[in-house]
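Below you'll find the structure, written out as C-alpha cells, and then a few comments.
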Amino acid sequence: MERYVMIGAGSAAFTRGLLADLIAAGQPAEVRLVDINATALQTAYGLARKMLAQTGAPLTVSAHTDRRDALPGATVVICTVGVGGRRAWEQDVFIPRKYGIYVPVGDTVGPGGSARAVRMIPAMLAIARDVVDLAPDALFFNYSNPMAPICRAIHTQIGAPVIGLCHGVLHVTHYLAQHLGVPADELAVTCAGYNHLTWLTSVQHRAVDMFPAMRTIGAKISSAPQIKPDDNAFAWQLFDQVGAFPAVLDRHITEFYPQFFRHGYYYGMRLGVDAFSFEGTIAGGDAEFAAMHTDAISDQPLPASLFVRESGEHEQVVEIIAALRAGSGASYAVNLPNRGQVPDLPLGAIVESPAIARHNTLEPIPQPPLGPTLAGMLASRYAWVEAIVAAAVHHDRDAFVNALIIDGYVESLAIAQRLGDELWEHTWSYPTQ
C-alpha cells in the first residue's frame, strides 16, 4: 500500500485534485497532509475527510504541521510548497512593477522568479534533508516553482533523487491536438528544454509530420486583425521562426524574452494587466481556496464537481507512480539532471525531456541536439540558475543582483541594485519551517 506525504497540502486545489485521482484509482492508500499553515491545513484536511466519507474510498488521511511526524514510512513524497503563499507571490510581481517590469506569472524567471527561488530553495533543501533522513526509499516529486533552480539545488546540495513534474508538455500536447483536430493520445511529441520553455521538436500523428499543418495554423493566427491572449500568437511566431513549438504558451514563455516585451507591452496589451491578468490569477486562487474552505466546514454534501478528474498539475502523478511500480515502459516529460540526454545543454543542468518508467526509476530517453538556436536561447537561463542557487544557498545578496543582471529584465546596473535590495528584503521575510 502506498503511503503518500503531501508537503504543502494547504494548496487545497492540488490536494483535491490528487485525492480525486486516488479515489478514481480505487486502490488502498494512506495520505498524510503536511503544511506549516495550520489554517490552510485544516481546510485541506476537512475537505479530504469529506471526500473520503462521501465516496467510501479505501483511503485514510491525517494532518500534520511537522513533516518529520509524517515522513517515516512514506513511499511517496510530493512537494507543492509555496513559501509565503499568494501574499508573497503578489510582492514578487508588484515590486518589479515599480521599476517598469510587467509579467503575467513571475514564478519561473524574471525578478519575481529570482525572489521566489531565494525564498523557496532553503525550505526545499530542509525538506530534502528530512526525506533522505526519514524516507530514503520514497519516490520524491517536486511541483514547486521555480522548478529548475529548486531541483538543481536539491541535487547538488543534498543528492536526493527528486523528480520535477509539471503538466506543461501534456497541456500543450492537448492544445495542439485541439488545433489539429486529432485525439491528443494519438499525438507523438519529442521535446527537450527548460521547464516552462520546453521545445517540442517533433509533433507527429500516426507517423505523419504535423509541422506543415501547424505552420498553416500559425500563419492564420498571426495574420488575424486583432490578437487576443488566448491566441498565443508569440508561441506560434516563435515556432515559425525557430522550427520548434514552445511549451507552455504565451503566459509563461513571454517571460523568457524580456527584450521583446519591454514594460510588458504585448500586441497592444500589457502583460499581467489586460493580458493574462496577474491580479485575476491571485483573486481566482483566493476565491477557490475560500470556496474549498466553505465546502470543508459545511454540513452539506460536497458537489459532484469536486470528484471529477480534471487537468492540472496533479494530473499525471498517480499514473506515473503506478507506471514506476510496474516498470511499465510508459514515457513522461519530467525534470531531471542532464546526464547527456540533451547533448547540447549543460551536464547536470535540470532539463525537461521524456523519460521511460522502469522499475522505481525514470530513465531519460536520449534526444537529438537542440541546435545552436534553441540551446542558445536557454544558455543564459541555465547560467541564471547557477547564480540564483548560489544566492539562496549562501545568502549572497551580490549573487542575487548578478542573477537579476543575467536574467535580462533590468535596464541598468542602478536598477539592478535598487530592485535587488527591495526584493532581497522582501523575500527573506516569510517563515520557511
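Ligands are numbered from 1 in the order shown, chains are lettered A, B, ... in the order of the C-alpha cells, and residues start at 1 in each chain.
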
Where does segment 91-133 of chain A meet segment 147-158 of chain A within 12 Å, residue by residue, with the nearest atom pair and distance in Å to one decimal for each, counting only C-alpha atoms, listed by chain and rising number, as JSON lines?
{"residue": "A:Asp107", "atom": "CA", "partner": "A:Met147", "partner_atom": "CA", "distance": 9.2}
{"residue": "A:Thr108", "atom": "CA", "partner": "A:Met147", "partner_atom": "CA", "distance": 7.3}
{"residue": "A:Val109", "atom": "CA", "partner": "A:Pro149", "partner_atom": "CA", "distance": 10.0}
{"residue": "A:Gly113", "atom": "CA", "partner": "A:Pro149", "partner_atom": "CA", "distance": 9.7}
{"residue": "A:Ser114", "atom": "CA", "partner": "A:Pro149", "partner_atom": "CA", "distance": 9.4}
{"residue": "A:Ala115", "atom": "CA", "partner": "A:Pro149", "partner_atom": "CA", "distance": 11.6}
{"residue": "A:Arg116", "atom": "CA", "partner": "A:Ile150", "partner_atom": "CA", "distance": 10.0}
{"residue": "A:Ala117", "atom": "CA", "partner": "A:Pro149", "partner_atom": "CA", "distance": 6.6}
{"residue": "A:Val118", "atom": "CA", "partner": "A:Pro149", "partner_atom": "CA", "distance": 9.2}
{"residue": "A:Arg119", "atom": "CA", "partner": "A:Ile150", "partner_atom": "CA", "distance": 10.3}
{"residue": "A:Met120", "atom": "CA", "partner": "A:Ile150", "partner_atom": "CA", "distance": 7.3}
{"residue": "A:Ile121", "atom": "CA", "partner": "A:Ile150", "partner_atom": "CA", "distance": 5.6}
{"residue": "A:Pro122", "atom": "CA", "partner": "A:Ala153", "partner_atom": "CA", "distance": 9.0}
{"residue": "A:Ala123", "atom": "CA", "partner": "A:Ile150", "partner_atom": "CA", "distance": 9.7}
{"residue": "A:Met124", "atom": "CA", "partner": "A:Ile150", "partner_atom": "CA", "distance": 7.0}
{"residue": "A:Leu125", "atom": "CA", "partner": "A:Ile154", "partner_atom": "CA", "distance": 5.8}
{"residue": "A:Ala126", "atom": "CA", "partner": "A:Ile158", "partner_atom": "CA", "distance": 9.2}
{"residue": "A:Ile127", "atom": "CA", "partner": "A:Ile154", "partner_atom": "CA", "distance": 9.4}
{"residue": "A:Ala128", "atom": "CA", "partner": "A:Ile154", "partner_atom": "CA", "distance": 6.7}
{"residue": "A:Arg129", "atom": "CA", "partner": "A:Ile158", "partner_atom": "CA", "distance": 6.5}
{"residue": "A:Asp130", "atom": "CA", "partner": "A:Ile158", "partner_atom": "CA", "distance": 10.2}
{"residue": "A:Val131", "atom": "CA", "partner": "A:Ile158", "partner_atom": "CA", "distance": 10.2}
{"residue": "A:Val132", "atom": "CA", "partner": "A:Ile158", "partner_atom": "CA", "distance": 8.4}
{"residue": "A:Asp133", "atom": "CA", "partner": "A:Ile158", "partner_atom": "CA", "distance": 10.8}

Correct to one decimal, the distance atom CA of Ala57 of chain A-atom CA of Leu33 of chain A is 16.8 Å

Could you build a table of the residues in segment 175-291 of chain A lying no more than 10 Å from segment 365-386 of chain A, giving for each the nearest pair of atoms and their separation in Å rounded to one decimal place, using only C-alpha atoms, ordered by chain and ascending residue number, as a tab-separated table?
residue	atom	partner	partner_atom	distance
A:Thr190	CA	A:Gln367	CA	8.0
A:Cys191	CA	A:Gln367	CA	8.0
A:Ala192	CA	A:Gln367	CA	7.4
A:Gly193	CA	A:Leu378	CA	7.6
A:Tyr194	CA	A:Leu378	CA	7.2
A:Leu197	CA	A:Leu378	CA	8.4
A:Thr198	CA	A:Leu378	CA	9.6
A:Trp199	CA	A:Leu374	CA	7.9
A:Thr201	CA	A:Leu370	CA	7.9
A:Val242	CA	A:Thr373	CA	7.3
A:Gly243	CA	A:Leu374	CA	9.4
A:Ala244	CA	A:Leu374	CA	8.4
A:Phe256	CA	A:Arg381	CA	8.3
A:Tyr257	CA	A:Met377	CA	9.1

How would the residues just chosen look if you wrote them out with C-alpha atoms as a compact mmCIF listing (two decimals), in the first residue's frame?
# COMPACT_ATOMS: atom_id res chain seq x y z
CA THR A 190 9.59 14.88 -28.96
CA CYS A 191 10.62 17.56 -26.50
CA ALA A 192 13.56 18.98 -24.58
CA GLY A 193 14.32 22.19 -22.77
CA TYR A 194 13.83 24.18 -19.58
CA LEU A 197 10.28 26.83 -22.06
CA THR A 198 10.47 23.27 -23.35
CA TRP A 199 10.76 22.86 -27.09
CA THR A 201 10.98 19.49 -31.74
CA VAL A 242 12.87 28.60 -35.00
CA GLY A 243 11.12 25.42 -36.16
CA ALA A 244 10.09 24.11 -32.74
CA PHE A 256 11.82 34.30 -21.16
CA TYR A 257 12.07 37.11 -23.75

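Closest approach to Tyr45 of chain A among A:Arg262, A:Arg251, A:His293, A:Arg270 is made by A:His293 (distances from only C-alpha atoms).
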
Computed interatomic separation between atom CA of His426 of chain A and atom CA of Val248 of chain A (Å):
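About the pair atom CA of His426 of chain A and atom CA of Val248 of chain A: they are 28.3 Å apart.
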
Pick from A:Leu165, A:Ala53, A:Val61, A:Ala349 nearest to Val317 of chain A, counting only C-alpha atoms:
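Closest residue, counting only C-alpha atoms: A:Leu165.
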
Best match for closeness to Val5 of chain A among A:Glu319, A:Glu279, A:Glu30, A:Asp240, counting only C-alpha atoms:
A:Glu30

Between atom CA of Val77 of chain A and atom CA of Phe140 of chain A, what is the distance, to one decimal in Å?
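Distance reported for this atom pair: 4.8 Å.
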
Give the answer as one residue: which of A:Arg67, A:Arg397, A:Glu411, A:Thr361 has the shortest atom-to-atom distance to Trp428 of chain A, using only C-alpha atoms?
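Of all the options, A:Arg397 lies closest to Trp428 of chain A.
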
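Residue nearest Ala323 of chain A within the list A:Ala24, A:Ile356, A:Val342, A:Ala63: A:Ile356 [criterion: smallest interatomic distance, only C-alpha atoms].
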
When you look at Ala357 of chain A with a cut-off of 12 Å (counting only C-alpha atoms), what residues show up, excluding the ones that are within fewer than 3 positions of it in the same chain? I need them as a PyMOL selection string.
chain A and resi 319-334+354+360-365

With DSSP run on the backbone, what are the strand (DSSP E or B) residues within segment 330-373 of chain A? I'd like them as a list in words.
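Here is the list: Ser331, Tyr332, Ala333, Val334, Asn335, Leu336, Pro337, Ile350, Val351, Glu352, Ser353, Pro354, Ala355, Ile356, Ala357, Arg358, Thr361, Leu362, Glu363 and Pro364 of chain A.
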
Nearest candidate to Arg32 of chain A (options A:Asp209, A:Glu288, A:Glu2, A:Asp396; using only C-alpha atoms):
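Answer, going by the shortest atom-to-atom distance: A:Glu2.
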
Within 12 Å of Ile227 of chain A, counting only C-alpha atoms, which residues qualify if same-chain residues fewer than 3 places away don't, as a list in words?
Lys220, Ile221, Ser222, Ser223, Ala224, Asp230, Asp231, Asn232, Ala233, Phe234, Trp236, Tyr266, Tyr267, Gly268, Met269 and Ala275 of chain A

Could those residues be written to a file, using N, CA and C atoms, as an mmCIF file, in the first residue's frame?
data_model
loop_
_atom_site.group_PDB
_atom_site.id
_atom_site.type_symbol
_atom_site.label_atom_id
_atom_site.label_comp_id
_atom_site.auth_asym_id
_atom_site.auth_seq_id
_atom_site.Cartn_x
_atom_site.Cartn_y
_atom_site.Cartn_z
ATOM 1 N N LYS A 220 -2.367 31.703 -39.840
ATOM 2 C CA LYS A 220 -3.720 32.252 -39.705
ATOM 3 C C LYS A 220 -3.850 33.047 -38.401
ATOM 4 N N ILE A 221 -3.301 32.517 -37.311
ATOM 5 C CA ILE A 221 -3.367 33.213 -36.028
ATOM 6 C C ILE A 221 -2.592 34.526 -36.092
ATOM 7 N N SER A 222 -1.398 34.492 -36.662
ATOM 8 C CA SER A 222 -0.542 35.679 -36.695
ATOM 9 C C SER A 222 -1.092 36.789 -37.583
ATOM 10 N N SER A 223 -1.890 36.415 -38.587
ATOM 11 C CA SER A 223 -2.423 37.414 -39.519
ATOM 12 C C SER A 223 -3.795 37.932 -39.127
ATOM 13 N N ALA A 224 -4.316 37.490 -37.979
ATOM 14 C CA ALA A 224 -5.626 37.959 -37.530
ATOM 15 C C ALA A 224 -5.585 39.462 -37.297
ATOM 16 N N ASP A 230 -5.535 34.519 -25.698
ATOM 17 C CA ASP A 230 -5.762 33.093 -25.902
ATOM 18 C C ASP A 230 -5.249 32.597 -27.251
ATOM 19 N N ASP A 231 -4.910 33.513 -28.156
ATOM 20 C CA ASP A 231 -4.356 33.101 -29.450
ATOM 21 C C ASP A 231 -2.938 32.565 -29.301
ATOM 22 N N ASN A 232 -2.240 32.960 -28.239
ATOM 23 C CA ASN A 232 -0.848 32.543 -28.041
ATOM 24 C C ASN A 232 -0.007 32.840 -29.282
ATOM 25 N N ALA A 233 -0.180 34.056 -29.796
ATOM 26 C CA ALA A 233 0.456 34.416 -31.067
ATOM 27 C C ALA A 233 1.976 34.353 -30.988
ATOM 28 N N PHE A 234 2.554 34.713 -29.844
ATOM 29 C CA PHE A 234 4.012 34.693 -29.747
ATOM 30 C C PHE A 234 4.550 33.274 -29.879
ATOM 31 N N TRP A 236 3.242 30.814 -31.570
ATOM 32 C CA TRP A 236 3.146 30.416 -32.974
ATOM 33 C C TRP A 236 4.202 31.141 -33.814
ATOM 34 N N TYR A 266 2.504 43.964 -25.127
ATOM 35 C CA TYR A 266 2.238 42.680 -25.773
ATOM 36 C C TYR A 266 1.031 42.836 -26.692
ATOM 37 N N TYR A 267 1.280 43.011 -27.997
ATOM 38 C CA TYR A 267 0.217 43.106 -29.010
ATOM 39 C C TYR A 267 -0.849 44.130 -28.610
ATOM 40 N N GLY A 268 -0.418 45.290 -28.165
ATOM 41 C CA GLY A 268 -1.348 46.342 -27.785
ATOM 42 C C GLY A 268 -1.919 46.203 -26.388
ATOM 43 N N MET A 269 -1.486 45.199 -25.663
ATOM 44 C CA MET A 269 -1.941 44.982 -24.284
ATOM 45 C C MET A 269 -0.716 45.033 -23.369
ATOM 46 N N ALA A 275 -3.525 41.401 -20.358
ATOM 47 C CA ALA A 275 -3.176 40.123 -20.977
ATOM 48 C C ALA A 275 -2.680 39.201 -19.874
#

Backbone DSSP call of alpha helix (DSSP H) for segment 2-104 of chain A, listed as number ranges by chain:
A: 12-25, 38-55, 67-70, 85-97

Expected file: the selected residues, N, CA and C atoms, as a short mmCIF file (atom, residue, chain, number, x, y, z; two decimals), in the first residue's frame:
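Resulting contents of part15.cif:
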data_model
loop_
_atom_site.label_atom_id
_atom_site.label_comp_id
_atom_site.auth_asym_id
_atom_site.auth_seq_id
_atom_site.Cartn_x
_atom_site.Cartn_y
_atom_site.Cartn_z
N ALA A 12 -4.95 23.70 -1.48
CA ALA A 12 -6.12 22.83 -1.45
C ALA A 12 -6.53 22.34 -2.83
N ALA A 13 -6.31 23.15 -3.89
CA ALA A 13 -6.71 22.72 -5.23
C ALA A 13 -5.90 21.51 -5.67
N PHE A 14 -4.59 21.52 -5.40
CA PHE A 14 -3.77 20.37 -5.75
C PHE A 14 -4.18 19.16 -4.91
N THR A 15 -4.39 19.37 -3.61
CA THR A 15 -4.79 18.28 -2.73
C THR A 15 -6.10 17.67 -3.19
N ARG A 16 -7.07 18.52 -3.52
CA ARG A 16 -8.35 18.00 -4.01
C ARG A 16 -8.16 17.19 -5.29
N GLY A 17 -7.35 17.72 -6.22
CA GLY A 17 -7.14 17.03 -7.48
C GLY A 17 -6.47 15.68 -7.29
N LEU A 18 -5.46 15.63 -6.43
CA LEU A 18 -4.77 14.36 -6.18
C LEU A 18 -5.72 13.36 -5.53
N LEU A 19 -6.50 13.81 -4.56
CA LEU A 19 -7.44 12.90 -3.90
C LEU A 19 -8.49 12.39 -4.87
N ALA A 20 -8.97 13.26 -5.77
CA ALA A 20 -9.92 12.80 -6.78
C ALA A 20 -9.31 11.70 -7.65
N ASP A 21 -8.02 11.87 -7.99
CA ASP A 21 -7.35 10.85 -8.80
C ASP A 21 -7.16 9.56 -8.01
N LEU A 22 -6.82 9.66 -6.72
CA LEU A 22 -6.66 8.46 -5.91
C LEU A 22 -7.99 7.75 -5.69
N ILE A 23 -9.04 8.53 -5.52
CA ILE A 23 -10.38 7.93 -5.38
C ILE A 23 -10.75 7.19 -6.66
N ALA A 24 -10.48 7.82 -7.81
CA ALA A 24 -10.78 7.18 -9.09
C ALA A 24 -9.96 5.91 -9.29
N ALA A 25 -8.71 5.91 -8.80
CA ALA A 25 -7.86 4.72 -8.95
C ALA A 25 -8.38 3.54 -8.15
N ALA A 38 -1.45 26.19 9.72
CA ALA A 38 -2.46 25.32 10.33
C ALA A 38 -3.85 25.57 9.78
N THR A 39 -4.16 26.82 9.45
CA THR A 39 -5.50 27.14 8.92
C THR A 39 -5.70 26.51 7.55
N ALA A 40 -4.73 26.69 6.68
CA ALA A 40 -4.82 26.08 5.35
C ALA A 40 -4.85 24.57 5.44
N LEU A 41 -4.05 24.01 6.36
CA LEU A 41 -4.02 22.56 6.53
C LEU A 41 -5.37 22.02 6.96
N GLN A 42 -6.03 22.71 7.87
CA GLN A 42 -7.34 22.23 8.33
C GLN A 42 -8.38 22.29 7.22
N THR A 43 -8.27 23.27 6.35
CA THR A 43 -9.19 23.31 5.20
C THR A 43 -8.97 22.10 4.30
N ALA A 44 -7.70 21.82 3.98
CA ALA A 44 -7.40 20.68 3.12
C ALA A 44 -7.80 19.37 3.79
N TYR A 45 -7.54 19.26 5.09
CA TYR A 45 -7.87 18.04 5.83
C TYR A 45 -9.38 17.84 5.90
N GLY A 46 -10.11 18.93 6.21
CA GLY A 46 -11.56 18.81 6.27
C GLY A 46 -12.16 18.41 4.93
N LEU A 47 -11.64 19.00 3.87
CA LEU A 47 -12.11 18.66 2.53
C LEU A 47 -11.80 17.20 2.22
N ALA A 48 -10.58 16.77 2.54
CA ALA A 48 -10.19 15.39 2.27
C ALA A 48 -11.06 14.40 3.03
N ARG A 49 -11.32 14.67 4.29
CA ARG A 49 -12.16 13.74 5.08
C ARG A 49 -13.56 13.64 4.50
N LYS A 50 -14.11 14.76 4.06
CA LYS A 50 -15.45 14.71 3.47
C LYS A 50 -15.44 13.95 2.15
N MET A 51 -14.38 14.14 1.35
CA MET A 51 -14.30 13.42 0.08
C MET A 51 -14.26 11.91 0.30
N LEU A 52 -13.50 11.49 1.30
CA LEU A 52 -13.39 10.06 1.57
C LEU A 52 -14.68 9.51 2.17
N ALA A 53 -15.28 10.27 3.07
CA ALA A 53 -16.53 9.81 3.68
C ALA A 53 -17.64 9.70 2.65
N GLN A 54 -17.67 10.64 1.72
CA GLN A 54 -18.75 10.68 0.73
C GLN A 54 -18.61 9.58 -0.32
N THR A 55 -17.39 9.14 -0.57
CA THR A 55 -17.16 8.12 -1.61
C THR A 55 -16.91 6.73 -1.05
N ARG A 67 6.49 18.03 9.36
CA ARG A 67 6.68 16.97 8.35
C ARG A 67 7.44 15.77 8.91
N ARG A 68 8.28 15.99 9.91
CA ARG A 68 9.05 14.87 10.46
C ARG A 68 8.15 13.86 11.17
N ASP A 69 6.97 14.28 11.56
CA ASP A 69 6.00 13.33 12.11
C ASP A 69 5.37 12.48 11.01
N ALA A 70 5.32 13.02 9.80
CA ALA A 70 4.62 12.34 8.71
C ALA A 70 5.53 11.50 7.82
N GLY A 85 3.04 31.86 0.35
CA GLY A 85 1.74 31.77 -0.33
C GLY A 85 1.51 32.88 -1.34
N ARG A 86 0.24 33.14 -1.59
CA ARG A 86 -0.11 34.15 -2.60
C ARG A 86 0.27 35.56 -2.19
N ARG A 87 0.33 35.83 -0.89
CA ARG A 87 0.71 37.18 -0.44
C ARG A 87 2.17 37.47 -0.81
N ALA A 88 3.05 36.52 -0.64
CA ALA A 88 4.45 36.71 -1.05
C ALA A 88 4.54 36.79 -2.56
N TRP A 89 3.80 35.94 -3.26
CA TRP A 89 3.81 35.93 -4.72
C TRP A 89 3.40 37.29 -5.28
N GLU A 90 2.39 37.91 -4.65
CA GLU A 90 1.98 39.25 -5.10
C GLU A 90 3.16 40.22 -5.10
N GLN A 91 3.92 40.22 -4.04
CA GLN A 91 5.03 41.17 -3.95
C GLN A 91 6.15 40.84 -4.95
N ASP A 92 6.31 39.56 -5.28
CA ASP A 92 7.27 39.17 -6.31
C ASP A 92 6.98 39.88 -7.63
N VAL A 93 5.71 40.14 -7.88
CA VAL A 93 5.28 40.78 -9.14
C VAL A 93 5.10 42.28 -8.96
N PHE A 94 4.54 42.71 -7.83
CA PHE A 94 4.24 44.13 -7.66
C PHE A 94 5.48 44.98 -7.43
N ILE A 95 6.47 44.46 -6.72
CA ILE A 95 7.70 45.24 -6.51
C ILE A 95 8.38 45.54 -7.84
N PRO A 96 8.61 44.57 -8.73
CA PRO A 96 9.20 44.90 -10.04
C PRO A 96 8.37 45.86 -10.88
N ARG A 97 7.05 45.87 -10.70
CA ARG A 97 6.22 46.81 -11.46
C ARG A 97 6.64 48.26 -11.19
#

Segment 202-205 of chain A surroundings by only C-alpha atoms, 6 Å radius, close-in-sequence under 6 positions cut, as a PyMOL selection string
chain A and resi 186-190
